[in-house]
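Enquirer: Okay, here's the structure, questions in a sec.
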Amino acid sequence: MSSLIKTHSRSTTQTDEHASGLAGRHCPALMAYLDLIYPDTEVKALGSSIYESIERNEIQPVLDIYTESIKRLEKHIWASEKANELSGIYQSLFHEIERLHQLIQKDRRHDFVIVIPVADRPVQLTNCINSLVRQCETFRYGGTTEGRYNRISVMIADDSIDPECSNRIRQLTRETTLLGIDTTYFGRQDQQQLVDSLTEADMTNLKTVIESTSADAKIHLGPSVMRNLCYLYLNLHNHDSDNTVFYFIDSDQLFTVDPVDTDRQPINYFYHLDRIFSDDDIQIVTGKVVGDPPVSPAVMANTLLDDTIHFIDSILKQDASAACEFHQHHNTCDEDASYHDMANLFGFGKHTPVYEYQCPLQGNHTNLDCLKNYAEALKQFFYGEHPTRATRFSYSYPPDSIAPARTVYTGNYAFTKEALSSFIPFSGLRLRMAGPTLGRILRSRLGSRFVSVNLPMLHKRTLNETGMAEFRTGVNQDSSSIDLGQEFKRQYFGDVMLFSIEQLCKAGFPEQLADIQVIRDTVMETEQRMNSRYNDKQKLLLAKLNLLQSYMDQLNSHDDYALKPISKNLEQFVANIHLNYDKDAITYSVINDAKTKQSTLEAIIESIHQYPDHQEYWNRILAGQQ
């Protein structure tokens with residue numbers, strides 16, 4: 001007999017039947033679900049127990065039944081072909097939970113402040129906010145009062161430099177508030193006021209953590225600096241926030257895991273996060289992403305070329321006018337970091353050598369149409385998409401998926417007020433890999449209070465209408481070419497920073513202060529390893545480019561496939577790969593240039609050496625804001 005009814009099972013009587021009927025009025029979705037999985041007599045006995053508990057205003061035992069029912073139902077939904085039929089019951093269970101919480105004298109669940117740093121992405125931010133609204137409407141976490149959500153609010157931190165983008169984001173803030181979700185706009189003027197409240201000594205002692213700004217500045221502060229400014233703002237304006245969770249997400253993400261039906265809301269993020277923070281002594285929880293990879297195109301070109309060569313080889317063997325034969329494969333994968341050229345650096349094993357392309361076209365179409373579509377999709381790679389290696393969601397019950405973490409996914413992490421002390425380190429250097437670097441430090445400092453959980457969000461790098469991102473740091477485009485020079489530099493030295501920190505943490509950093517010579521030796525040795533790996537990957541890539549060119553020559557000589565639209569898109573893709581990854585490319589000249597390396601590595605060394613002092617000073621500022 002199920003643990004749901006072990007303590008409640010007894011002989012069925014007329015009283016049980018009557019009470020079960022009354023329980024059905026209070027909890028119709030719960031009783032409907034229980035009726036699906038238990039014999040009639042057991043359901044009636046459990047219904048009687050539920051009704052009696054509600055009559056005595058003993059709500060927690062009833063909520064415990066909901067908790068186990070949701071756990072069972074979730075597993076059944078994800079394993080069943082009838083998921084859509086069960087989703088209505090699933091959502092209704094949460095609506096009934098909200099009604100029951102209204103009967104509790106003190107609702108001890110967490111409030112959530114969703115923080116979204118954004119720069120010049122009003123459309124992607126709108127998509128993100130719309131998905132949040134659907135999440136709230138679907139599950140109603142925390143309930144509402146006069147149309148306003150009681151436990152959900154939003155803070156939009158605007159790093160835009162285009163005034164029109166800022167105006168649209170500010171308008172979106174007002175519109176979101178009108179939809180019942182209190183939303184704060186944290187723009188350039190607000191950021192400047194916050195910085196002005198700090199002393200000159202504060203700014204001097206935190207020069208690689210936060211930066212001065214101005215309302216009319218034409219430079220992006222960057223996502224890491226923005227997050228740190230948000231930390232200070234949240235600390236200043238949330239004095240009574242012991243029961244508040246700050247939930248940072250990115251503007252190019254959605255509250256769903258369904259890449260096809262993005263309106264679908266299969267996960268109640270706030271319910272699960274509340275339970276996780278309530279049940280365990282946890283300070284920081286990080287999720288992940290599904291869909292587009294969370295890494296830079298700087299470290300995905302080799303895997304893309306592998307798959308592109310394989311695809312063109314496959315399509316050359318097909319009749320161009322025949323019905324498309326590229327729908328039998330999945331274009332998503334379960335292997336961690338399969339998109340990454342150097343996945344082994346992060347402890348991941350060997351991956352499948354190539355991934356098949358799954359044609360997304362619907363209706364009647366040919367192999368030629370599929371090739372055209374693939375050629376058009378290749379340009380999206382430079383904005384962070386991978387046509388063949390998107391990540392698929394694999395379900396596990398979130399509280400059961402909790403595991404020790406080593407990386408913060410800065411587009412999907414939540415934490416308590418206590419964790420405001422864990423600022424994003426080295427943010428002024430504007431390097432990539434800020435999340436993994438912070439994660440190594442948190443693993444050393446927090447241990448079991450820093451965890452990961454299977455609550456990913458859908459990552460969509462580009463807009464469906466254009467195939468481009470609205471804005472992406474370090475990516476510069478003109479009419480035909482896309483320059484990843486700054487992106488590549490940020491990625492390369494971000495890797496140097498990450499693996500230097502990882503090595504130092506193994507020796508006890510930051511609790512055990514490292515001598516500057518130890519730091520210098522560690523950084524220099526790490527950079528030599530990274531430089532060797534990056535240059536080895538470049539050699540492999542150039543060999544694959546030559547092979548790809550030979551396949552393109554075959555396409556051009558093939559009567560059925562030699563069409564200008566295909567050739568133009570493929571040739572543009574190859575030209576941009578050459579521009580960014582060739583032996584004469586600006587990207588590699590930057591990481592191999594002695595002067596550039598010296599200045600950047602010195603900045604990394606100094607920042608690591610100063611980190612303990614920055615942490616101490618940061619804590620003083622937080623305490624002074626109380």
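Scheme for the structure tokens: letters A, B, ... for chains in order shown; per-chain residue numbers from 1; ligand numbers from 1 in order shown.
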What's around A:Gln625 at 7 Å? Count only C-alpha atoms, leave out sequence neighbours fewer than 3 positions away in its own chain, and write the answer as a list of chain:residue names.
Expert: A:Leu236, A:Ile621, A:Leu622
Enquirer: Emit the selected residues as a JSON list (two decimals), in the first residue's frame, including all heavy atoms.
Expert:
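Saved file selection31.json follows:
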```json
[["chain", "number", "residue", "atom", "x", "y", "z"],
["A", 236, "LEU", "N", 20.52, 46.73, -0.39],
["A", 236, "LEU", "CA", 20.08, 48.03, 0.14],
["A", 236, "LEU", "C", 18.57, 48.09, 0.30],
["A", 236, "LEU", "O", 18.06, 48.73, 1.23],
["A", 236, "LEU", "CB", 20.55, 49.13, -0.82],
["A", 236, "LEU", "CG", 20.28, 50.58, -0.41],
["A", 236, "LEU", "CD1", 21.04, 50.93, 0.86],
["A", 236, "LEU", "CD2", 20.69, 51.53, -1.53],
["A", 621, "ILE", "N", 30.85, 46.74, 2.89],
["A", 621, "ILE", "CA", 29.85, 47.58, 2.22],
["A", 621, "ILE", "C", 28.46, 47.02, 2.45],
["A", 621, "ILE", "O", 27.51, 47.77, 2.76],
["A", 621, "ILE", "CB", 30.16, 47.68, 0.72],
["A", 621, "ILE", "CG1", 31.41, 48.52, 0.50],
["A", 621, "ILE", "CG2", 28.98, 48.30, -0.03],
["A", 621, "ILE", "CD1", 31.82, 48.67, -0.94],
["A", 622, "LEU", "N", 28.29, 45.72, 2.32],
["A", 622, "LEU", "CA", 26.99, 45.11, 2.55],
["A", 622, "LEU", "C", 26.51, 45.39, 3.97],
["A", 622, "LEU", "O", 25.34, 45.74, 4.19],
["A", 622, "LEU", "CB", 27.05, 43.59, 2.33],
["A", 622, "LEU", "CG", 27.30, 43.10, 0.90],
["A", 622, "LEU", "CD1", 27.23, 41.58, 0.85],
["A", 622, "LEU", "CD2", 26.32, 43.69, -0.09]]
```
Enquirer: I'd like the neighbourhood of A:Ile282 as a ChimeraX atom specification, where a residue qualifies if any of its atoms comes within 8 Å (using only C-alpha atoms), though same-chain residues fewer than 4 positions away should be ignored.
Expert: /A:276-277,448-451
Enquirer: Limited to N, CA and C atoms, could you put the picked residues into a file as a CSV table (one decimal), in the first residue's frame?
Expert:
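Generated file (part29.csv):
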```csv
chain,number,residue,atom,x,y,z
A,276,ILE,N,13.1,23.3,-2.3
A,276,ILE,CA,14.6,23.0,-2.1
A,276,ILE,C,15.2,23.9,-1.1
A,277,PHE,N,14.8,25.2,-1.1
A,277,PHE,CA,15.4,26.1,-0.1
A,277,PHE,C,14.8,25.9,1.3
A,448,SER,N,28.5,21.9,0.7
A,448,SER,CA,27.2,21.3,0.4
A,448,SER,C,26.1,22.4,0.3
A,449,ARG,N,26.4,23.6,0.7
A,449,ARG,CA,25.4,24.7,0.6
A,449,ARG,C,25.3,25.3,-0.8
A,450,PHE,N,26.1,24.8,-1.7
A,450,PHE,CA,26.1,25.2,-3.1
A,450,PHE,C,25.8,24.0,-4.0
A,451,VAL,N,24.6,24.0,-4.6
A,451,VAL,CA,24.2,22.8,-5.3
A,451,VAL,C,23.6,23.1,-6.7
```
Enquirer: Between A:Leu442, A:Ile37, A:Ala119, A:Val295, single out the one closest to A:Pro510, counting only C-alpha atoms.
Expert: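 Among the listed residues, the smallest separation from A:Pro510 belongs to A:Leu442.
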Enquirer: At a cut-off of 10 Å, using only C-alpha atoms, what residues contact A:Arg472? Leave out same-chain residues fewer than 3 positions from it and give the result as a list in words.
Expert: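 The contact residues come out as Ala119, Asp120, Arg121, Phe382, Tyr383, Gly384, Arg461, Thr462, Met468, Ala469, Val475, Asn476 and Glu487 of chain A.
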Enquirer: If you keep N, CA and C atoms, can you produce a file of those selected residues as a compact mmCIF listing (two decimals), in the first residue's frame?
Expert:
```
# COMPACT_ATOMS: atom_id res chain seq x y z
N ALA A 119 20.97 43.94 -22.05
CA ALA A 119 21.63 45.01 -22.80
C ALA A 119 21.13 44.99 -24.24
N ASP A 120 20.35 46.00 -24.60
CA ASP A 120 19.92 46.21 -25.99
C ASP A 120 19.19 45.00 -26.58
N ARG A 121 18.35 44.37 -25.77
CA ARG A 121 17.58 43.21 -26.24
C ARG A 121 16.10 43.34 -25.85
N PHE A 382 27.28 31.85 -35.38
CA PHE A 382 28.13 32.94 -34.90
C PHE A 382 27.46 33.75 -33.78
N TYR A 383 26.18 33.48 -33.55
CA TYR A 383 25.48 34.10 -32.42
C TYR A 383 25.27 33.11 -31.27
N GLY A 384 25.84 31.90 -31.42
CA GLY A 384 25.83 30.96 -30.32
C GLY A 384 24.94 29.75 -30.49
N ARG A 461 19.21 31.73 -28.39
CA ARG A 461 20.19 32.76 -28.69
C ARG A 461 19.69 33.79 -29.71
N THR A 462 18.87 33.34 -30.66
CA THR A 462 18.49 34.22 -31.75
C THR A 462 16.98 34.37 -31.84
N MET A 468 19.14 36.09 -35.90
CA MET A 468 20.24 36.80 -35.25
C MET A 468 19.86 37.15 -33.83
N ALA A 469 20.88 37.38 -33.00
CA ALA A 469 20.64 37.94 -31.68
C ALA A 469 20.48 39.45 -31.83
N VAL A 475 30.55 40.39 -30.48
CA VAL A 475 30.23 39.95 -31.84
C VAL A 475 29.92 41.18 -32.68
N ASN A 476 30.73 41.42 -33.70
CA ASN A 476 30.56 42.59 -34.55
C ASN A 476 30.25 42.13 -35.97
N GLU A 487 34.99 38.45 -28.71
CA GLU A 487 34.38 37.28 -28.08
C GLU A 487 35.45 36.20 -27.84
```
Enquirer: Return as a ChimeraX atom specification the full set of residues in stretch 211-450 of chain A whose backbone-based DSSP assignment is alpha helix (DSSP H).
Expert: /A:223-237,269-279,301-316,367-377,434-446
Enquirer: Find the residue from A:Glu616, A:Asp261, A:Asp159, A:Asp279 that sits nearest to A:Ser224; use only C-alpha atoms when measuring.
Expert: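 Closest to A:Ser224 of all the choices is A:Asp159.
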Enquirer: Between A:Arg168, A:His110, A:Arg529, A:Arg72, which residue has the minimum interatomic distance to A:Tyr271, considering only C-alpha atoms?
Expert: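 That would be A:His110, the residue with the smallest distance to A:Tyr271.
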Enquirer: To test your reading of the structure, identify every residue in stretch 17-257 of chain A that backbone DSSP assigns to strand (DSSP E), and report it as a CSV table (one decimal) with all heavy atoms, in the first residue's frame.
Expert:
```
chain,number,residue,atom,x,y,z
A,111,ASP,N,9.4,34.3,-1.0
A,111,ASP,CA,9.2,35.3,-2.0
A,111,ASP,C,10.3,35.2,-3.0
A,111,ASP,O,11.5,34.9,-2.7
A,111,ASP,CB,9.2,36.7,-1.5
A,111,ASP,CG,8.0,36.9,-0.4
A,111,ASP,OD1,7.0,36.3,-0.6
A,111,ASP,OD2,8.2,37.6,0.5
A,112,PHE,N,10.0,35.5,-4.3
A,112,PHE,CA,11.0,35.4,-5.3
A,112,PHE,C,11.2,36.8,-6.0
A,112,PHE,O,10.2,37.3,-6.5
A,112,PHE,CB,10.7,34.4,-6.4
A,112,PHE,CG,10.9,32.9,-5.9
A,112,PHE,CD1,9.9,32.3,-5.3
A,112,PHE,CD2,12.1,32.3,-6.1
A,112,PHE,CE1,10.1,31.0,-4.8
A,112,PHE,CE2,12.3,31.0,-5.6
A,112,PHE,CZ,11.3,30.3,-5.0
A,113,VAL,N,12.4,37.3,-6.1
A,113,VAL,CA,12.7,38.4,-6.9
A,113,VAL,C,13.5,38.0,-8.1
A,113,VAL,O,14.6,37.5,-8.0
A,113,VAL,CB,13.5,39.5,-6.1
A,113,VAL,CG1,13.8,40.7,-7.0
A,113,VAL,CG2,12.8,39.9,-4.9
A,114,ILE,N,12.9,38.0,-9.3
A,114,ILE,CA,13.5,37.6,-10.5
A,114,ILE,C,14.3,38.8,-11.1
A,114,ILE,O,13.8,39.8,-11.3
A,114,ILE,CB,12.5,37.1,-11.6
A,114,ILE,CG1,11.8,35.9,-11.0
A,114,ILE,CG2,13.2,36.7,-12.9
A,114,ILE,CD1,10.4,36.1,-10.5
A,115,VAL,N,15.6,38.6,-11.2
A,115,VAL,CA,16.5,39.7,-11.7
A,115,VAL,C,17.0,39.3,-13.1
A,115,VAL,O,17.5,38.3,-13.3
A,115,VAL,CB,17.7,39.9,-10.7
A,115,VAL,CG1,18.5,41.1,-11.2
A,115,VAL,CG2,17.2,40.1,-9.3
A,116,ILE,N,16.8,40.3,-14.0
A,116,ILE,CA,17.2,40.0,-15.4
A,116,ILE,C,18.1,41.2,-15.9
A,116,ILE,O,17.6,42.2,-16.3
A,116,ILE,CB,15.9,40.0,-16.3
A,116,ILE,CG1,14.8,39.1,-15.7
A,116,ILE,CG2,16.3,39.5,-17.7
A,116,ILE,CD1,13.5,39.1,-16.5
A,117,PRO,N,19.4,40.9,-15.9
A,117,PRO,CA,20.3,41.9,-16.6
A,117,PRO,C,20.1,41.8,-18.1
A,117,PRO,O,19.9,40.7,-18.7
A,117,PRO,CB,21.7,41.4,-16.2
A,117,PRO,CG,21.5,40.4,-15.1
A,117,PRO,CD,20.1,39.8,-15.3
A,118,VAL,N,20.0,43.0,-18.7
A,118,VAL,CA,19.8,43.0,-20.2
A,118,VAL,C,20.5,44.1,-20.8
A,118,VAL,O,20.7,45.2,-20.2
A,118,VAL,CB,18.2,43.1,-20.5
A,118,VAL,CG1,17.7,44.4,-19.9
A,118,VAL,CG2,17.9,43.0,-21.9
A,144,THR,N,-2.7,35.5,-5.4
A,144,THR,CA,-2.8,36.9,-5.8
A,144,THR,C,-3.7,37.6,-4.9
A,144,THR,O,-4.5,37.0,-4.2
A,144,THR,CB,-3.4,37.0,-7.3
A,144,THR,OG1,-4.7,36.4,-7.3
A,144,THR,CG2,-2.5,36.3,-8.3
A,145,THR,N,-3.5,38.9,-4.8
A,145,THR,CA,-4.3,39.8,-4.1
A,145,THR,C,-4.7,41.0,-5.0
A,145,THR,O,-3.8,41.7,-5.4
A,145,THR,CB,-3.6,40.4,-2.8
A,145,THR,OG1,-3.3,39.3,-2.0
A,145,THR,CG2,-4.6,41.3,-2.0
A,148,ARG,N,-2.7,41.0,-8.1
A,148,ARG,CA,-1.3,41.1,-8.1
A,148,ARG,C,-0.7,39.9,-7.4
A,148,ARG,O,-1.2,39.4,-6.4
A,148,ARG,CB,-0.8,42.4,-7.3
A,148,ARG,CG,-1.6,43.6,-7.7
A,148,ARG,CD,-0.7,44.9,-7.5
A,148,ARG,NE,0.5,44.9,-8.3
A,148,ARG,CZ,0.5,45.1,-9.6
A,148,ARG,NH1,-0.6,45.4,-10.2
A,148,ARG,NH2,1.6,45.2,-10.2
A,149,TYR,N,0.4,39.4,-8.0
A,149,TYR,CA,1.0,38.2,-7.5
A,149,TYR,C,1.7,38.5,-6.2
A,149,TYR,O,2.5,39.5,-6.1
A,149,TYR,CB,2.0,37.6,-8.5
A,149,TYR,CG,1.3,36.9,-9.6
A,149,TYR,CD1,1.0,37.6,-10.8
A,149,TYR,CD2,0.8,35.6,-9.5
A,149,TYR,CE1,0.3,37.1,-11.9
A,149,TYR,CE2,0.0,35.1,-10.6
A,149,TYR,CZ,-0.2,35.8,-11.7
A,149,TYR,OH,-0.9,35.2,-12.7
A,152,ILE,N,5.9,37.1,-6.2
A,152,ILE,CA,6.7,37.2,-7.4
A,152,ILE,C,6.9,38.6,-7.8
A,152,ILE,O,5.9,39.4,-7.9
A,152,ILE,CB,6.1,36.4,-8.6
A,152,ILE,CG1,5.8,35.0,-8.3
A,152,ILE,CG2,7.0,36.5,-9.8
A,152,ILE,CD1,7.0,34.1,-8.0
A,153,SER,N,8.1,39.0,-7.9
A,153,SER,CA,8.4,40.4,-8.4
A,153,SER,C,9.6,40.3,-9.3
A,153,SER,O,10.3,39.3,-9.4
A,153,SER,CB,8.7,41.4,-7.3
A,153,SER,OG,9.8,41.0,-6.5
A,154,VAL,N,9.8,41.4,-10.1
A,154,VAL,CA,10.9,41.4,-11.1
A,154,VAL,C,11.7,42.6,-11.0
A,154,VAL,O,11.2,43.7,-10.6
A,154,VAL,CB,10.3,41.3,-12.5
A,154,VAL,CG1,11.4,41.4,-13.6
A,154,VAL,CG2,9.6,40.0,-12.7
A,155,MET,N,13.0,42.5,-11.2
A,155,MET,CA,13.9,43.6,-11.3
A,155,MET,C,14.7,43.5,-12.7
A,155,MET,O,15.3,42.5,-12.9
A,155,MET,CB,14.9,43.6,-10.2
A,155,MET,CG,16.0,44.7,-10.3
A,155,MET,SD,17.2,44.5,-8.9
A,155,MET,CE,18.4,45.8,-9.3
A,156,ILE,N,14.5,44.5,-13.5
A,156,ILE,CA,15.2,44.5,-14.8
A,156,ILE,C,16.4,45.5,-14.7
A,156,ILE,O,16.2,46.7,-14.5
A,156,ILE,CB,14.2,45.0,-15.9
A,156,ILE,CG1,13.1,43.9,-16.1
A,156,ILE,CG2,15.0,45.1,-17.3
A,156,ILE,CD1,12.1,44.3,-17.1
A,157,ALA,N,17.6,45.0,-14.9
A,157,ALA,CA,18.8,45.8,-14.8
A,157,ALA,C,19.3,46.1,-16.2
A,157,ALA,O,19.8,45.2,-16.9
A,157,ALA,CB,19.9,45.0,-14.0
A,158,ASP,N,19.1,47.3,-16.6
A,158,ASP,CA,19.3,47.7,-18.0
A,158,ASP,C,20.7,48.2,-18.3
A,158,ASP,O,21.1,49.3,-17.7
A,158,ASP,CB,18.3,48.8,-18.4
A,158,ASP,CG,18.2,49.0,-19.9
A,158,ASP,OD1,19.0,48.4,-20.6
A,158,ASP,OD2,17.4,49.9,-20.3
A,182,ASP,N,4.8,43.0,-9.9
A,182,ASP,CA,5.5,44.2,-9.6
A,182,ASP,C,7.0,44.2,-10.2
A,182,ASP,O,7.7,43.2,-9.9
A,182,ASP,CB,5.6,44.4,-8.0
A,182,ASP,CG,4.3,44.7,-7.5
A,182,ASP,OD1,3.5,45.3,-8.2
A,182,ASP,OD2,4.0,44.4,-6.3
A,183,THR,N,7.3,45.2,-11.0
A,183,THR,CA,8.5,45.2,-11.7
A,183,THR,C,9.3,46.5,-11.5
A,183,THR,O,8.7,47.6,-11.7
A,183,THR,CB,8.3,44.9,-13.2
A,183,THR,OG1,7.5,43.7,-13.4
A,183,THR,CG2,9.6,44.8,-14.0
A,184,THR,N,10.5,46.4,-11.2
A,184,THR,CA,11.4,47.5,-10.9
A,184,THR,C,12.4,47.7,-12.1
A,184,THR,O,13.0,46.7,-12.6
A,184,THR,CB,12.2,47.4,-9.6
A,184,THR,OG1,11.3,47.2,-8.5
A,184,THR,CG2,13.2,48.5,-9.4
A,185,TYR,N,12.5,48.9,-12.6
A,185,TYR,CA,13.5,49.3,-13.6
A,185,TYR,C,14.7,49.8,-13.0
A,185,TYR,O,14.7,50.8,-12.3
A,185,TYR,CB,12.9,50.3,-14.6
A,185,TYR,CG,13.9,50.7,-15.7
A,185,TYR,CD1,14.1,49.8,-16.8
A,185,TYR,CD2,14.5,51.9,-15.7
A,185,TYR,CE1,15.0,50.2,-17.8
A,185,TYR,CE2,15.4,52.3,-16.7
A,185,TYR,CZ,15.6,51.4,-17.7
A,185,TYR,OH,16.5,51.8,-18.7
A,186,PHE,N,15.9,49.2,-13.2
A,186,PHE,CA,17.1,49.6,-12.6
A,186,PHE,C,18.0,50.0,-13.8
A,186,PHE,O,18.8,49.2,-14.4
A,186,PHE,CB,17.8,48.4,-11.9
A,186,PHE,CG,19.1,48.7,-11.2
A,186,PHE,CD1,19.2,49.8,-10.3
A,186,PHE,CD2,20.2,47.9,-11.3
A,186,PHE,CE1,20.4,50.1,-9.6
A,186,PHE,CE2,21.4,48.1,-10.7
A,186,PHE,CZ,21.5,49.2,-9.8
A,244,THR,N,13.3,35.7,1.4
A,244,THR,CA,13.3,36.0,-0.1
A,244,THR,C,14.4,35.3,-0.8
A,244,THR,O,15.6,35.1,-0.3
A,244,THR,CB,13.6,37.5,-0.3
A,244,THR,OG1,12.5,38.2,0.3
A,244,THR,CG2,13.7,37.9,-1.7
A,245,VAL,N,14.1,34.8,-2.0
A,245,VAL,CA,15.1,34.2,-2.9
A,245,VAL,C,15.3,35.1,-4.1
A,245,VAL,O,14.3,35.5,-4.7
A,245,VAL,CB,14.7,32.8,-3.3
A,245,VAL,CG1,15.6,32.3,-4.4
A,245,VAL,CG2,14.7,31.8,-2.1
A,246,PHE,N,16.6,35.4,-4.4
A,246,PHE,CA,16.9,36.2,-5.6
A,246,PHE,C,17.2,35.2,-6.7
A,246,PHE,O,18.1,34.4,-6.6
A,246,PHE,CB,18.1,37.1,-5.3
A,246,PHE,CG,17.8,38.0,-4.1
A,246,PHE,CD1,18.6,38.0,-3.0
A,246,PHE,CD2,16.8,39.0,-4.1
A,246,PHE,CE1,18.4,38.8,-1.9
A,246,PHE,CE2,16.6,39.8,-3.0
A,246,PHE,CZ,17.4,39.7,-1.9
A,247,TYR,N,16.5,35.4,-7.8
A,247,TYR,CA,16.6,34.4,-8.9
A,247,TYR,C,17.0,35.2,-10.2
A,247,TYR,O,16.3,35.9,-10.8
A,247,TYR,CB,15.2,33.9,-9.1
A,247,TYR,CG,15.0,32.7,-10.0
A,247,TYR,CD1,16.1,32.0,-10.6
A,247,TYR,CD2,13.7,32.2,-10.3
A,247,TYR,CE1,15.9,31.0,-11.4
A,247,TYR,CE2,13.6,31.1,-11.1
A,247,TYR,CZ,14.7,30.5,-11.7
A,247,TYR,OH,14.5,29.4,-12.5
A,248,PHE,N,18.3,35.0,-10.5
A,248,PHE,CA,18.9,35.6,-11.7
A,248,PHE,C,18.7,34.8,-12.9
A,248,PHE,O,19.1,33.6,-12.9
A,248,PHE,CB,20.4,35.9,-11.4
A,248,PHE,CG,20.7,37.1,-10.7
A,248,PHE,CD1,20.4,37.2,-9.3
A,248,PHE,CD2,21.3,38.2,-11.3
A,248,PHE,CE1,20.6,38.4,-8.6
A,248,PHE,CE2,21.5,39.4,-10.6
A,248,PHE,CZ,21.2,39.5,-9.2
A,249,ILE,N,18.2,35.4,-14.0
A,249,ILE,CA,18.1,34.7,-15.3
A,249,ILE,C,18.6,35.6,-16.4
A,249,ILE,O,18.8,36.8,-16.2
A,249,ILE,CB,16.6,34.3,-15.5
A,249,ILE,CG1,15.7,35.5,-15.7
A,249,ILE,CG2,16.1,33.4,-14.4
A,249,ILE,CD1,14.3,35.2,-16.1
A,253,GLN,N,16.4,33.7,-22.4
A,253,GLN,CA,15.9,32.4,-21.9
A,253,GLN,C,14.4,32.5,-21.6
A,253,GLN,O,13.8,33.6,-21.5
A,253,GLN,CB,16.6,32.0,-20.6
A,253,GLN,CG,18.1,31.8,-20.8
A,253,GLN,CD,18.8,31.5,-19.5
A,253,GLN,OE1,20.0,31.2,-19.6
A,253,GLN,NE2,18.2,31.6,-18.4
A,254,LEU,N,13.8,31.3,-21.5
A,254,LEU,CA,12.3,31.2,-21.3
A,254,LEU,C,12.0,30.2,-20.2
A,254,LEU,O,12.8,29.2,-20.0
A,254,LEU,CB,11.6,30.7,-22.6
A,254,LEU,CG,11.8,31.6,-23.9
A,254,LEU,CD1,11.1,30.9,-25.1
A,254,LEU,CD2,11.4,33.0,-23.7
```
Enquirer: Work out how far apart atom CA of A:Leu178 and atom CA of A:Ile267 are and give it in Å to one decimal.
Expert: 24.5 Å
Enquirer: Counting only C-alpha atoms, which residues of stretch 462-537 of chain A fall within 12 Å of stretch 597-610 of chain A, and what is the closest atom pair for each with its distance in Å at one decimal, ordered by chain and rising number, as a tab-separated table?
Expert:
```
residue	atom	partner	partner_atom	distance
A:Lys489	CA	A:Thr600	CA	9.9
A:Arg490	CA	A:Thr600	CA	10.3
A:Tyr492	CA	A:Lys597	CA	10.5
A:Phe493	CA	A:Thr600	CA	7.8
A:Gly494	CA	A:Ile604	CA	9.5
A:Asp495	CA	A:Ile604	CA	11.4
A:Val496	CA	A:Leu601	CA	8.7
A:Met497	CA	A:Ile604	CA	6.8
A:Leu498	CA	A:Ile604	CA	10.4
A:Phe499	CA	A:Ile604	CA	11.9
A:Ser500	CA	A:Ile608	CA	9.3
A:Ile501	CA	A:Ile608	CA	8.1
A:Glu502	CA	A:Ile608	CA	11.8
A:Leu504	CA	A:Ile608	CA	9.7
A:Cys505	CA	A:Ile608	CA	11.4
A:Phe509	CA	A:Ile608	CA	9.9
A:Pro510	CA	A:Ile608	CA	9.3
A:Gln512	CA	A:His609	CA	11.7
A:Leu513	CA	A:His609	CA	8.4
A:Ala514	CA	A:His609	CA	7.3
A:Asp515	CA	A:His609	CA	7.7
A:Ile516	CA	A:His609	CA	6.1
A:Gln517	CA	A:Ile605	CA	9.2
A:Val518	CA	A:Ile605	CA	9.8
A:Ile519	CA	A:Ile605	CA	6.3
A:Arg520	CA	A:Ile605	CA	5.9
A:Asp521	CA	A:Ile605	CA	9.4
A:Thr522	CA	A:Ile605	CA	9.1
A:Val523	CA	A:Ile605	CA	6.9
A:Met524	CA	A:Leu601	CA	7.7
A:Glu525	CA	A:Leu601	CA	11.1
A:Thr526	CA	A:Leu601	CA	10.5
A:Glu527	CA	A:Leu601	CA	8.4
A:Gln528	CA	A:Lys597	CA	10.8
A:Asn531	CA	A:Lys597	CA	10.5
```
Enquirer: Could you tell me which of A:Tyr581, A:Tyr561, A:Phe255, A:Phe139 comes closest to A:Asn412 if we count only C-alpha atoms?
Expert: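 Answer, going by the shortest atom-to-atom distance: A:Phe255.
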